[in-house]
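Q: This is the structure I have questions about; it appears just below.
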Amino acid sequence: MIEVKDLHKSFGDAHILKGITTSFEKGKTNLIIGQSGSGKTVFLKCLLGLFEFEQGSISYDGKFFSKLSGDEKRELRSKIGMVFQGSALFDSMTIAENVMFPLQMFTKMNKSEMEDRADTVLKRVNLPDAHKKMPSEASGGMQKRVAIARAIVNNPKYLFCDEPNSGLDPKTAIVIDNLIQEITDEYQITTVINSHDMNSVMEIGEKIVFLKDGLKAWEGSKETIFRTDNEVVTDFVYSSELFKKVRKMYIEENE
Amino acid sequence: MTYLHNIGAYFIMIKDMFRKPTKWSVLKTLILKDIDDLIIGSLGIVAFIAFFVGGVVAIQTSLNISNPLIPKYLVGFATRQSIILEFAPTFISIIMAGKVGSFITSSIGTMRVTEQIDALEVMGINAINYLVFPKFVALTLYPFVISIAMFLGVLGGLAACVYGGYGTYEDYIFGVQNDFIPFHMAYAFIKTMVFAFILATIPSFYGYFMKGGALEVGKASTTSFVWTSVVIILLNFLLTSLLLG
């Protein structure tokens, strides 16, 4: 479980995060949603330790990140998997080398053990024959799946995804969403997804944190988001006619 | 203030380059790849430029000697001195700032833009050590490149002199061997090692700390070339004053 208390972050005079308190549970897909500029990416980067924050605390299973020594931070980071918005695959390496990279860096596995493990996770993300391809030869959806494979190859306890569906067609986006949810269940990891894709919210949002102007405006789940009266959330989530109809149908079906 | 900030950030980067080293098995591969990219990949252009500039120096020297009292072997002597003292260590380094420096800045800058550096940092890897240290180690072989430039420069001078009819083989070789001061070689290689460090670190700095997108990668490469050249020229002046002055 990841717990965040009263998190503040500024860049010069710009106060981006204004005291966020929330938690992300183990074995659940937790979504951070909000408009562009609401502070989602800054929040995610604070969670990952890429940005230092001025006030507040972040704890990973009771361990406060800011109080850890250098070695302890490294140890913790080796248990974190991250899927970046643009996949962030190393373009000088093949897909198999990308997936094996965390194993090379953090384990004492020999080459054949690493290859076996990479083979297993690439099969898990439905890419059994992509080992020798370069990232530039893979489609956007394939690159995302490789990024997921790289993120889970070292059995992480925490998985972070920044806009995992951006740039993907709706069908591939659903495949990626389902894959993330299945992996979260299977490996019992704490997954935090930064998204503004409402399909993802409806599909896999076991816990949803809504940010607006650097503040937590609402939190709930994919079930409660249909019934909320919070105007800030409904303005954002049900801004399209399609989602207004989906909401209406959901409420009618469950009454 | 920006300049001071950049200078401070540069020295902090140098310190971080030696901290939290990457696993040797990984580092070894990176070093070999950088030797191939930065050293082996530069030999062709360095050899080409050195040979022909050596030839031009010999021709120019010969054409400017009109006084019959000046011995003909001066062509070989002047070519050797120009190539060993300045052309090979300093001007090849300026050329390398364009070739190798731009390559380093753009490759690291692209990794920054595409979040590959963030990916390394999230994994708990010291990205500066992972990216910059192998380039520093690879460029410790830079004196090898400069040795080749020295040899080919003097050889180019010989070819131009003999085959262009500007002097005899014997005069040129006598000039090359005449009044040779071994410390000049030490001076040239001290400069080369200092420039190698600059070539590895300043372009890395501009790539690593760049912000923005593809356009900024291009701008960072240009800025990196300008500042690498400026620092090389200033250090050349300083080292020449200290070692030969």
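By order of appearance in the structure tokens: chains A, B, ..., then residues from 1 within every chain, and ligands from 1 in the order shown.
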If we count only C-alpha atoms, what is near range 163-172 of chain B at a cut-off of 7 Å, once residues fewer than 2 positions away on the same chain are taken out, given as a list of chain:residue names?
A: B:Ile59, B:Ser62, B:Lys72, B:Tyr73, B:Val75, B:Gly76, B:Leu158, B:Ala159, B:Ala160, B:Cys161, B:Phe174, B:Gly175, B:Val176
Q: Once you count only C-alpha atoms, which residues of chain B turn out to be within 6 Å of chain A? Could you give them as number ranges by chain?
A: B: 114-116, 123-124
Q: Let's have the selection written as a short mmCIF file (atom, residue, chain, number, x, y, z; two decimals), in the first residue's frame, with N, CA and C atoms.
A:
data_model
loop_
_atom_site.label_atom_id
_atom_site.label_comp_id
_atom_site.auth_asym_id
_atom_site.auth_seq_id
_atom_site.Cartn_x
_atom_site.Cartn_y
_atom_site.Cartn_z
N THR B 114 12.69 11.42 -24.76
CA THR B 114 11.82 10.23 -24.85
C THR B 114 11.68 9.50 -23.50
N GLU B 115 12.05 10.17 -22.42
CA GLU B 115 11.88 9.66 -21.05
C GLU B 115 12.74 8.43 -20.73
N GLN B 116 13.72 8.13 -21.60
CA GLN B 116 14.57 6.96 -21.31
C GLN B 116 15.44 7.22 -20.08
N MET B 123 14.32 3.27 -12.08
CA MET B 123 14.85 1.96 -11.70
C MET B 123 15.92 2.06 -10.61
N GLY B 124 16.30 3.30 -10.25
CA GLY B 124 17.31 3.46 -9.20
C GLY B 124 18.73 3.41 -9.75
#
Q: Quick one: pull the distance between CA of Lys219 in chain B and CA of Thr105 in chain B, Å, one decimal.
A: 9.9 Å
Q: Which distance in Å separates CA of Asp197 in chain A and CA of Tyr158 in chain A, to one decimal?
A: 21.3 Å
Q: Can you tell me how far CA of His184 in chain B sits from CA of Leu141 in chain B, in Å to one decimal?
A: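 Straight-line distance from CA of His184 in chain B to CA of Leu141 in chain B works out to 19.5 Å.
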Q: Taking only C-alpha atoms into account, name the residue in A:Asn154, A:Asn254, A:Ser69, A:Ser59 that is nearest to Val99 in chain A.
A: A:Asn154
Q: Can you pull out the residues contacting range 241-250 of chain A? Cut-off 10 Å, using only C-alpha atoms, and skip same-chain residues under 5 positions away; I want them as number ranges by chain.
A: A: 198-199, 202, 223, 225-227, 234, 255
Q: Would you list the contacts of Thr110 in chain B as a ChimeraX atom specification, taking every protein, DNA or RNA residue within 12 Å and counting only C-alpha atoms, but skipping same-chain residues closer than 4 positions in sequence?
A: /A:88-92 /B:102-106,114-118,204,206-218,220-221
Q: Please return as a list in words: the residues of range 35-137 of chain A that backbone DSSP assigns to strand (DSSP E).
A: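 Answer for range 35-137 of chain A, restricted to strand (DSSP E): Gln55, Gly56, Ser57, Ile58, Ser59, Tyr60, Lys63, Phe64, Ile80, Gly81, Met82 and Val83 of chain A.
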Q: Go ahead and write the residues just picked, C-alpha atoms, as a PDB file, in the first residue's frame.
A:
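Dumped to result.pdb:
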ATOM      1  CA  GLN A  55       5.843  19.234   2.500  1.00  0.00           C
ATOM      2  CA  GLY A  56       3.993  16.026   3.317  1.00  0.00           C
ATOM      3  CA  SER A  57       4.961  12.365   3.157  1.00  0.00           C
ATOM      4  CA  ILE A  58       4.800   9.323   0.911  1.00  0.00           C
ATOM      5  CA  SER A  59       5.156   5.853   2.396  1.00  0.00           C
ATOM      6  CA  TYR A  60       5.522   2.526   0.630  1.00  0.00           C
ATOM      7  CA  LYS A  63       8.509   3.003   4.687  1.00  0.00           C
ATOM      8  CA  PHE A  64       8.753   6.758   4.244  1.00  0.00           C
ATOM      9  CA  ILE A  80       9.024  -0.410  -8.809  1.00  0.00           C
ATOM     10  CA  GLY A  81       7.917  -0.986 -12.389  1.00  0.00           C
ATOM     11  CA  MET A  82       7.045   1.979 -14.563  1.00  0.00           C
ATOM     12  CA  VAL A  83       5.262   2.247 -17.894  1.00  0.00           C
TER      13      VAL A  83
END
Q: Any idea what's packed within 12 Å of range 123-136 of chain A, counting only C-alpha atoms, ignoring anything in its chain fewer than 5 positions away? Could you give it as a ChimeraX atom specification?
A: /A:86-100,115-118,141-153,175-180,182-183,186
Q: I'd like the neighbourhood of Lys26 in chain A as a list in words, where a residue qualifies if any of its atoms comes within 6 Å (using only C-alpha atoms), though same-chain residues fewer than 3 positions away should be ignored.
A: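 Everything that qualifies: Met1, Ile189 and Thr190 of chain A.
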Q: Env of Thr22 in chain B: 12 Å cut, atoms = only C-alpha atoms, seq-sep filter 3 positions within chain, self excluded. Answer as a PDB file with C-alpha atoms, in the first residue's frame.
A:
ATOM      1  CA  GLN A 104      20.893  -7.375 -15.709  1.00  0.00           C
ATOM      2  CA  MET A 105      21.009  -4.419 -13.358  1.00  0.00           C
ATOM      3  CA  PHE A 106      19.457  -5.866 -10.208  1.00  0.00           C
TER       4      PHE A 106
ATOM      5  CA  ASP B  16      27.967  12.113  -9.830  1.00  0.00           C
ATOM      6  CA  MET B  17      29.722  10.504 -12.778  1.00  0.00           C
ATOM      7  CA  PHE B  18      31.947   8.611 -10.319  1.00  0.00           C
ATOM      8  CA  ARG B  19      29.217   7.790  -7.765  1.00  0.00           C
ATOM      9  CA  SER B  25      29.041  -6.568 -16.773  1.00  0.00           C
ATOM     10  CA  VAL B  26      26.768  -3.805 -18.113  1.00  0.00           C
ATOM     11  CA  LEU B  27      29.406  -1.068 -18.037  1.00  0.00           C
ATOM     12  CA  LYS B  28      31.850  -3.180 -20.082  1.00  0.00           C
ATOM     13  CA  THR B  29      29.359  -3.417 -22.953  1.00  0.00           C
ATOM     14  CA  LEU B  30      28.634   0.318 -22.822  1.00  0.00           C
ATOM     15  CA  ILE B  31      32.358   1.184 -22.871  1.00  0.00           C
ATOM     16  CA  LEU B 120      16.792   4.714 -15.710  1.00  0.00           C
ATOM     17  CA  GLY B 124      17.312   3.464  -9.202  1.00  0.00           C
ATOM     18  CA  ILE B 125      20.185   3.581 -11.698  1.00  0.00           C
ATOM     19  CA  ASN B 126      22.659   6.466 -11.513  1.00  0.00           C
ATOM     20  CA  ALA B 127      21.859   7.722 -15.025  1.00  0.00           C
ATOM     21  CA  ILE B 128      24.877  10.057 -15.116  1.00  0.00           C
ATOM     22  CA  ASN B 129      27.261   7.215 -14.346  1.00  0.00           C
ATOM     23  CA  TYR B 130      25.452   4.927 -16.784  1.00  0.00           C
ATOM     24  CA  LEU B 131      25.534   7.442 -19.645  1.00  0.00           C
ATOM     25  CA  VAL B 132      28.590   9.645 -19.128  1.00  0.00           C
ATOM     26  CA  PHE B 133      31.209   7.436 -17.456  1.00  0.00           C
ATOM     27  CA  PRO B 134      31.518   4.987 -20.405  1.00  0.00           C
TER      28      PRO B 134
END
Q: Using DSSP secondary structure from the backbone, list all helix (DSSP H, G or I) positions within range 81-251 of chain A, as a PyMOL selection string.
A: chain A and resi 95-106+111-124+135-137+140-152+170-187+198-204+224-226+231-237+241-251
